[in-house]
Amino acid sequence: MKYRRVLALSVAVALVLGLMVLPASAVTFGDLTGHWSKSDVENLANRGIINGYSDGTFKPDGKMSAAEALIFCARVTRLEASLKNQIAAAHGDELRSVLPEAMRSWAVPEIGICLETGILSWDELSALCTSGAISQAISREKLSKYLVRAIQMAAMAENLSTYSLSFSDTSQIDESLQPYVYLLYTYGIMSGNQHNEFMPKSNVSRAEMATLLKRALDFMDTRGVEVELPQYTSYDWFGGTILSASAGSQGGSLLTLASDFSGTRVISLPANVPIYDNNMRSTTAALRVGSYARVNLSRAGTPDAVRVSGSLTTVSGQVANLAEGLITVSPEEGGEQRFVIDRFTQVQVGGKAGTSSLIDLSAGYSGATCRVDGLGHLASVSLTGGTRQETGILQAVDSTVGGTVIQVSAFNGENRRYTLSAEASVFIDGLLGSLTSNHTGCYLTLRVSNDEVGKVSTLYLDTHTDYVQGSIRNVRTSTTPHTVTVNHLSDNRTMTYEVAAGAQIRYNGESTSLSKIQNGWFVTLLLTNGDITSLDAYPGSSTVYGTITAIRYGTTTAIDIKRTDQTVGTYNIDLTKPPVIYRGDTRSSIDRLMTGDEVELTIRYNQVERIDAIPQDANVTGIITRITMEAAGITLDLTLSDGSTASYQVANGIPVTKDGKALALSSLKPQDRVSLVVNNNHVVSIEVEKTSGNGTQLNGTVLYVNTSDRTILLQWEGSDGAANVTTVQTSSANLMRIDGTSVTLSWIKPEDVIQVYGNYEGNGFRATLIIVLSS
């Protein structure tokens, strides 16, 4: 037994010496004199790519094992030493647990490269090691697959549908390996013998392997093939389908790309930017309309390289399996397809687009739509079903007939609304429980539906952990312990907290030092025994872009915005201190905002300071012929401007205006002429062009007083119990207190209860008398 171990060690040492990369000057080998491979072998040896044995020989006729052949294939990639070290560190432990003991000391780094560059899969490596084939001689046909992968042509081989081999023994080549043999033969890397035989089952000698390696390297140099490893890159990029490619300035090109998730982008390509087509260096001729292209960007944001990879194909189906960096999809037509999710894969989950960091392995996604390029790379994947995790501080709880609505403040201060259905599970400190307003201020974790906006399936609330949110008033690092003074979001109190040793300090999610935290930034503090153990800071001001999906009026009015990433945020507006509002190019007010408006919100210290709105154009115009009242709203029957008829369901809360003034939904009457903004068959707003007018009386609460327009935004309760909001024109009204004392419009304040007499006409509801019932 001892003798066998010594022998095995000797063989391993010999293999190491024969495979080590040790560059030398004018290397020659004593056993290559007159050998047909002498030129190729010595060329590679002098370049430091291969080496011989300690006795000065190369042993050209020795047979290559699968492990040795894979190591030679790994050298085709010519990765930098630092990258090789990273790969070895990443795969070392796993490889040492799989590879035979005799190989572990010398095969790990380059077998790791094989795994990273796609020369070999983990499943294939496991099969080789389990069967013992890793140590056995490799055949020419099996080597062809690894070598094609090494030169980055695997996708081309896998997509070959028509090809012809003329070897006399073609029928003996494994059918699944024939495309690989064909490519190597076509590119002059692998050929047959003088008898036109490929000899697929013959073993590969060291001399043959060296010659194949030399030809593969020459091919990559000639074709400009460079290996790119997504997970070991850090540059920014943009990918999409080419819509157009045209001449630009100074010999460059203008490339227009359309991304499934990120929209359209026009990129100016410099004249000398490298362009790769199917991994091979090419020209602007490769920028074909309909092909997928990825533009790699420098730190300055300018194009560094363009990689074109054929047209995209779509694979849709159920998610059969999801693991770190891998997804398996079961299409409707049957079978399973597995794709790698890497840094160059665009991901969309629940309408939110980004990188693979959006994927939650515990989400339980049900469906996937994969877009795969011509190289077999997963360009994008959209996941549906399942849930995602969101966290924050509970701000408000409102129980309604349809469920419980909660308002949550994220760590950056952004407010979000969620709905807990009757089926939702609520855990309080790990135990099933019920959520109440007494839990406001507590930290919670939510599982939120990816398909139904804001719907929560499970809520976990922690009453023991103490969090504080607010804006920073002062940071003191000149004394020990350091302190942070915060103006509380909840009650506007100002408090100073000591910073515990070792506290985690982050800005925008990235680690930083306390000295870099600035006054005015928004913070979420985690307190332990009253001291700060974690601080998350975000800019004091920010800008939000999106579309108004709902407006809930009150003294504090809530506006729901569907943002550009498809998530919905709730933004509270204090009508006692209203923001500056523009609708189009005209100064406006809160009552003139409408569902469907595209908006830009400027937020400072968690307060909305300005709203810039772009109104949508009406796309349906007609006269109301019938109104049917329903629990969820009304149904309008219209005679359209072209004489046809149509019916639309209008939900409660949809804004109704006339000349920019708010009306109640219940104020609509037959014969009113209206213009509707309809999106996906849903009415998002109604403008009344003409109304017959009707005397009435309104009792309600003042939300907002606009002294320049002499209007009052009034919230009142209709006969059905629903809350309505109407703009009241006061220019011709008498204003008085309940005791008969006359008052001015500026005397009336938000939350006053008033009684209004007048009628609907012209600019909304025109008041003739206003009585202030309570103030």
# chains A, B, ... in the order shown; residues from 1 in each chain; ligands from 1
>>> residues_around(residues="region 429-433 of chain A", least_positions_apart="4", cutoff="9 Å", atoms="only C-alpha atoms", output="PyMOL selection string")
chain A and resi 425+460-464
>>> closest_residue(among="A:Tyr507, A:Tyr187, A:Tyr365, A:Tyr182", to="Asn450 (chain A)", atoms="only C-alpha atoms")
A:Tyr365
>>> select_by_dssp(residues="region 81-239 of chain A", states="helix (DSSP H, G or I)", output="PyMOL selection string")
chain A and resi 81-98+101-117+122-131+133-135+140-150+154-158+170-172+175-186+206-223+230-232
>>> write_last_selection(atoms="C-alpha atoms", output="compact mmCIF listing (two decimals), in the first residue's frame")
# COMPACT_ATOMS: atom_id res chain seq x y z
CA ALA A 81 -3.52 35.90 -13.13
CA SER A 82 -5.55 37.97 -10.65
CA LEU A 83 -8.79 36.69 -12.15
CA LYS A 84 -7.52 33.11 -12.05
CA ASN A 85 -6.80 33.54 -8.36
CA GLN A 86 -10.31 34.86 -7.71
CA ILE A 87 -11.85 31.91 -9.53
CA ALA A 88 -9.66 29.41 -7.68
CA ALA A 89 -10.68 30.96 -4.36
CA ALA A 90 -14.36 30.89 -5.34
CA HIS A 91 -14.41 27.22 -6.41
CA GLY A 92 -11.56 25.75 -4.39
CA ASP A 93 -13.47 24.09 -1.57
CA GLU A 94 -16.13 22.59 -3.83
CA LEU A 95 -13.58 21.28 -6.33
CA ARG A 96 -11.46 19.69 -3.65
CA SER A 97 -14.54 17.82 -2.48
CA VAL A 98 -15.25 16.47 -5.99
CA GLU A 101 -7.33 13.30 -4.25
CA ALA A 102 -4.32 12.99 -6.58
CA MET A 103 -5.57 15.94 -8.68
CA ARG A 104 -6.47 18.40 -5.95
CA SER A 105 -3.04 19.97 -5.64
CA TRP A 106 -2.69 20.91 -9.32
CA ALA A 107 -6.05 20.80 -11.12
CA VAL A 108 -8.23 23.10 -8.99
CA PRO A 109 -7.37 26.54 -10.49
CA GLU A 110 -7.87 25.61 -14.13
CA ILE A 111 -10.84 23.29 -13.62
CA GLY A 112 -12.38 26.29 -11.87
CA ILE A 113 -11.75 28.33 -15.03
CA CYS A 114 -13.50 25.60 -17.04
CA LEU A 115 -16.55 25.98 -14.82
CA GLU A 116 -16.60 29.78 -14.97
CA THR A 117 -16.10 30.03 -18.73
CA TRP A 122 -20.88 21.16 -12.57
CA ASP A 123 -23.10 18.26 -13.59
CA GLU A 124 -20.58 17.18 -16.23
CA LEU A 125 -17.67 17.45 -13.81
CA SER A 126 -19.52 15.40 -11.18
CA ALA A 127 -20.27 12.71 -13.77
CA LEU A 128 -16.62 12.60 -14.88
CA CYS A 129 -15.37 12.28 -11.31
CA THR A 130 -18.01 9.74 -10.25
CA SER A 131 -17.32 7.48 -13.23
CA ALA A 133 -13.44 9.26 -16.61
CA ILE A 134 -11.70 12.39 -15.32
CA SER A 135 -8.50 10.34 -15.00
CA ARG A 140 -11.13 13.25 -30.04
CA GLU A 141 -14.90 13.62 -30.34
CA LYS A 142 -15.37 14.36 -26.63
CA LEU A 143 -12.53 16.86 -26.67
CA SER A 144 -14.23 18.72 -29.55
CA LYS A 145 -17.09 19.85 -27.29
CA TYR A 146 -14.79 21.26 -24.61
CA LEU A 147 -12.58 22.99 -27.18
CA VAL A 148 -15.52 24.66 -28.95
CA ARG A 149 -16.73 25.95 -25.61
CA ALA A 150 -13.23 27.24 -24.82
CA ALA A 154 -20.74 26.82 -27.99
CA ALA A 155 -23.93 28.69 -28.86
CA MET A 156 -23.09 28.55 -32.56
CA ALA A 157 -22.62 24.78 -32.36
CA GLU A 158 -25.84 24.27 -30.40
CA THR A 170 -18.57 10.45 -40.01
CA SER A 171 -21.18 7.84 -39.06
CA GLN A 172 -18.97 6.82 -36.12
CA GLU A 175 -24.49 12.62 -33.40
CA SER A 176 -24.71 15.10 -30.51
CA LEU A 177 -21.00 15.96 -30.97
CA GLN A 178 -21.03 16.37 -34.75
CA PRO A 179 -21.83 20.14 -34.67
CA TYR A 180 -18.73 20.71 -32.51
CA VAL A 181 -16.54 18.65 -34.84
CA TYR A 182 -17.98 20.57 -37.79
CA LEU A 183 -17.10 23.99 -36.31
CA LEU A 184 -13.55 22.96 -35.41
CA TYR A 185 -13.05 21.55 -38.90
CA THR A 186 -14.57 24.64 -40.55
CA ARG A 206 0.01 15.46 -25.87
CA ALA A 207 1.38 16.50 -29.26
CA GLU A 208 -2.12 16.62 -30.78
CA MET A 209 -3.43 18.58 -27.81
CA ALA A 210 -0.61 21.12 -28.11
CA THR A 211 -1.30 21.61 -31.82
CA LEU A 212 -5.04 22.01 -31.19
CA LEU A 213 -4.29 24.51 -28.45
CA LYS A 214 -2.02 26.51 -30.78
CA ARG A 215 -4.64 26.58 -33.54
CA ALA A 216 -7.38 27.58 -31.07
CA LEU A 217 -5.28 30.48 -29.82
CA ASP A 218 -4.52 31.56 -33.39
CA PHE A 219 -8.24 31.42 -34.18
CA MET A 220 -9.08 33.64 -31.19
CA ASP A 221 -6.38 36.12 -32.13
CA THR A 222 -7.47 36.25 -35.77
CA ARG A 223 -11.18 36.55 -34.96
CA PRO A 230 -20.09 38.59 -16.15
CA GLN A 231 -19.69 37.94 -12.44
CA TYR A 232 -16.14 39.29 -12.44
>>> residues_around(residues="Ser202 (chain A)", least_positions_apart="2", cutoff="10 Å", atoms="only C-alpha atoms", output="mmCIF file with all heavy atoms, in the first residue's frame")
data_model
loop_
_atom_site.group_PDB
_atom_site.id
_atom_site.type_symbol
_atom_site.label_atom_id
_atom_site.label_comp_id
_atom_site.auth_asym_id
_atom_site.auth_seq_id
_atom_site.Cartn_x
_atom_site.Cartn_y
_atom_site.Cartn_z
ATOM 1 N N ALA A 137 -8.075 8.472 -20.448
ATOM 2 C CA ALA A 137 -7.756 9.134 -21.711
ATOM 3 C C ALA A 137 -9.028 9.665 -22.365
ATOM 4 O O ALA A 137 -10.094 9.044 -22.276
ATOM 5 C CB ALA A 137 -7.041 8.161 -22.641
ATOM 6 N N ILE A 138 -8.906 10.822 -23.007
ATOM 7 C CA ILE A 138 -10.071 11.460 -23.632
ATOM 8 C C ILE A 138 -10.038 11.220 -25.142
ATOM 9 O O ILE A 138 -8.972 11.208 -25.769
ATOM 10 C CB ILE A 138 -10.101 12.972 -23.325
ATOM 11 C CG1 ILE A 138 -11.432 13.588 -23.778
ATOM 12 C CG2 ILE A 138 -8.915 13.690 -23.962
ATOM 13 C CD1 ILE A 138 -11.634 15.012 -23.289
ATOM 14 N N SER A 139 -11.218 11.042 -25.717
ATOM 15 C CA SER A 139 -11.314 10.812 -27.162
ATOM 16 C C SER A 139 -11.388 12.136 -27.906
ATOM 17 O O SER A 139 -11.717 13.184 -27.339
ATOM 18 C CB SER A 139 -12.551 9.971 -27.470
ATOM 19 O OG SER A 139 -13.727 10.720 -27.201
ATOM 20 N N ARG A 140 -11.110 12.062 -29.198
ATOM 21 C CA ARG A 140 -11.127 13.255 -30.044
ATOM 22 C C ARG A 140 -12.521 13.876 -30.110
ATOM 23 O O ARG A 140 -12.670 15.096 -30.066
ATOM 24 C CB ARG A 140 -10.641 12.892 -31.461
ATOM 25 C CG ARG A 140 -9.137 12.687 -31.554
ATOM 26 C CD ARG A 140 -8.733 12.025 -32.866
ATOM 27 N NE ARG A 140 -9.216 12.741 -34.046
ATOM 28 C CZ ARG A 140 -8.611 13.800 -34.610
ATOM 29 N NH1 ARG A 140 -7.489 14.256 -34.077
ATOM 30 N NH2 ARG A 140 -9.107 14.370 -35.705
ATOM 31 N N GLU A 141 -13.551 13.057 -30.205
ATOM 32 C CA GLU A 141 -14.897 13.618 -30.338
ATOM 33 C C GLU A 141 -15.351 14.300 -29.048
ATOM 34 O O GLU A 141 -16.010 15.340 -29.092
ATOM 35 C CB GLU A 141 -15.892 12.538 -30.764
ATOM 36 C CG GLU A 141 -16.101 11.433 -29.767
ATOM 37 C CD GLU A 141 -17.165 10.427 -30.203
ATOM 38 O OE1 GLU A 141 -17.740 10.607 -31.293
ATOM 39 O OE2 GLU A 141 -17.436 9.464 -29.449
ATOM 40 N N PHE A 198 -11.645 10.907 -39.367
ATOM 41 C CA PHE A 198 -11.603 11.766 -38.187
ATOM 42 C C PHE A 198 -11.152 10.993 -36.953
ATOM 43 O O PHE A 198 -10.589 11.556 -36.032
ATOM 44 C CB PHE A 198 -12.978 12.399 -37.923
ATOM 45 C CG PHE A 198 -12.959 13.341 -36.757
ATOM 46 C CD1 PHE A 198 -12.364 14.588 -36.863
ATOM 47 C CD2 PHE A 198 -13.516 12.972 -35.543
ATOM 48 C CE1 PHE A 198 -12.323 15.457 -35.769
ATOM 49 C CE2 PHE A 198 -13.493 13.840 -34.446
ATOM 50 C CZ PHE A 198 -12.894 15.088 -34.568
ATOM 51 N N MET A 199 -11.414 9.724 -36.918
ATOM 52 C CA MET A 199 -11.026 8.845 -35.800
ATOM 53 C C MET A 199 -11.614 9.346 -34.474
ATOM 54 O O MET A 199 -10.885 9.697 -33.541
ATOM 55 C CB MET A 199 -9.508 8.758 -35.696
ATOM 56 C CG MET A 199 -8.836 8.207 -36.943
ATOM 57 S SD MET A 199 -7.025 8.327 -36.863
ATOM 58 C CE MET A 199 -6.803 10.107 -36.886
ATOM 59 N N PRO A 200 -12.936 9.430 -34.400
ATOM 60 C CA PRO A 200 -13.584 10.055 -33.236
ATOM 61 C C PRO A 200 -13.309 9.368 -31.907
ATOM 62 O O PRO A 200 -13.272 10.030 -30.863
ATOM 63 C CB PRO A 200 -15.072 9.992 -33.592
ATOM 64 C CG PRO A 200 -15.188 8.871 -34.575
ATOM 65 C CD PRO A 200 -13.923 8.916 -35.371
ATOM 66 N N VAL A 204 -6.441 11.248 -27.538
ATOM 67 C CA VAL A 204 -5.689 12.443 -27.924
ATOM 68 C C VAL A 204 -4.321 12.418 -27.264
ATOM 69 O O VAL A 204 -4.211 12.242 -26.034
ATOM 70 C CB VAL A 204 -6.446 13.723 -27.513
ATOM 71 C CG1 VAL A 204 -5.663 14.969 -27.926
ATOM 72 C CG2 VAL A 204 -7.839 13.736 -28.117
ATOM 73 N N SER A 205 -3.273 12.591 -28.072
ATOM 74 C CA SER A 205 -1.912 12.618 -27.530
ATOM 75 C C SER A 205 -1.558 14.024 -27.084
ATOM 76 O O SER A 205 -2.214 15.010 -27.445
ATOM 77 C CB SER A 205 -0.916 12.145 -28.584
ATOM 78 O OG SER A 205 -0.816 13.109 -29.630
#
>>> closest_residue(among="A:Ile151, A:Ile748, A:Leu526, A:Ile275", to="Cys73 (chain A)", atoms="only C-alpha atoms")
A:Ile151
>>> residues_around(residues="Asp398 (chain A)", least_positions_apart="4", cutoff="10 Å", atoms="only C-alpha atoms", output="list in words")
Gly403, Thr404, Val405, Ile406, Gln407, Thr419, Leu435, Thr436 and Ser437 of chain A
>>> residues_around(residues="region 625-627 of chain A", least_positions_apart="2", cutoff="7 Å", atoms="only C-alpha atoms", output="PyMOL selection string")
chain A and resi 623+629+634-639+670-671
>>> residues_around(residues="Ile559 (chain A)", least_positions_apart="4", cutoff="8 Å", atoms="only C-alpha atoms", output="list in words")
Ile548, Thr549, Ala550, Ile551, Arg552, Thr570, Tyr571, Asn572 and Ile573 of chain A
>>> write_last_selection(atoms="N, CA, C and O atoms", output="tab-separated table (two decimals), in the first residue's frame")
chain	number	residue	atom	x	y	z
A	548	ILE	N	-50.41	59.63	-11.28
A	548	ILE	CA	-51.36	59.61	-10.16
A	548	ILE	C	-52.36	58.48	-10.39
A	548	ILE	O	-53.02	58.42	-11.43
A	549	THR	N	-52.47	57.57	-9.42
A	549	THR	CA	-53.45	56.49	-9.52
A	549	THR	C	-54.63	56.69	-8.57
A	549	THR	O	-55.69	56.09	-8.79
A	550	ALA	N	-54.48	57.51	-7.54
A	550	ALA	CA	-55.59	57.77	-6.62
A	550	ALA	C	-55.30	59.03	-5.82
A	550	ALA	O	-54.14	59.35	-5.54
A	551	ILE	N	-56.38	59.74	-5.47
A	551	ILE	CA	-56.29	60.90	-4.59
A	551	ILE	C	-57.33	60.73	-3.49
A	551	ILE	O	-58.51	60.56	-3.78
A	552	ARG	N	-56.89	60.75	-2.24
A	552	ARG	CA	-57.80	60.65	-1.09
A	552	ARG	C	-57.74	61.96	-0.32
A	552	ARG	O	-56.74	62.26	0.33
A	570	THR	N	-47.21	56.25	-1.63
A	570	THR	CA	-48.22	57.18	-1.13
A	570	THR	C	-47.53	58.41	-0.57
A	570	THR	O	-46.60	58.29	0.23
A	571	TYR	N	-47.99	59.58	-0.98
A	571	TYR	CA	-47.36	60.83	-0.56
A	571	TYR	C	-48.43	61.72	0.09
A	571	TYR	O	-49.45	62.04	-0.53
A	572	ASN	N	-48.19	62.07	1.33
A	572	ASN	CA	-49.13	62.88	2.10
A	572	ASN	C	-48.87	64.36	1.88
A	572	ASN	O	-47.72	64.82	1.86
A	573	ILE	N	-49.97	65.11	1.74
A	573	ILE	CA	-49.87	66.55	1.52
A	573	ILE	C	-50.70	67.26	2.58
A	573	ILE	O	-51.91	67.03	2.70
>>> closest_residue(among="A:Ser37, A:Ser515, A:Gln250, A:Thr313", to="Ser478 (chain A)", atoms="only C-alpha atoms")
A:Ser515
>>> closest_residue(among="A:Val308, A:Val41, A:Val688, A:Ala67", to="Ile242 (chain A)", atoms="only C-alpha atoms")
A:Val308
>>> closest_residue(among="A:Ile611, A:Leu375, A:Val349, A:Met495", to="Thr547 (chain A)", atoms="only C-alpha atoms")
A:Ile611
>>> residues_around(residues="Glu332 (chain A)", least_positions_apart="2", cutoff="12 Å", atoms="only C-alpha atoms", output="ChimeraX atom specification")
/A:315-320,329-330,334-337,367-369
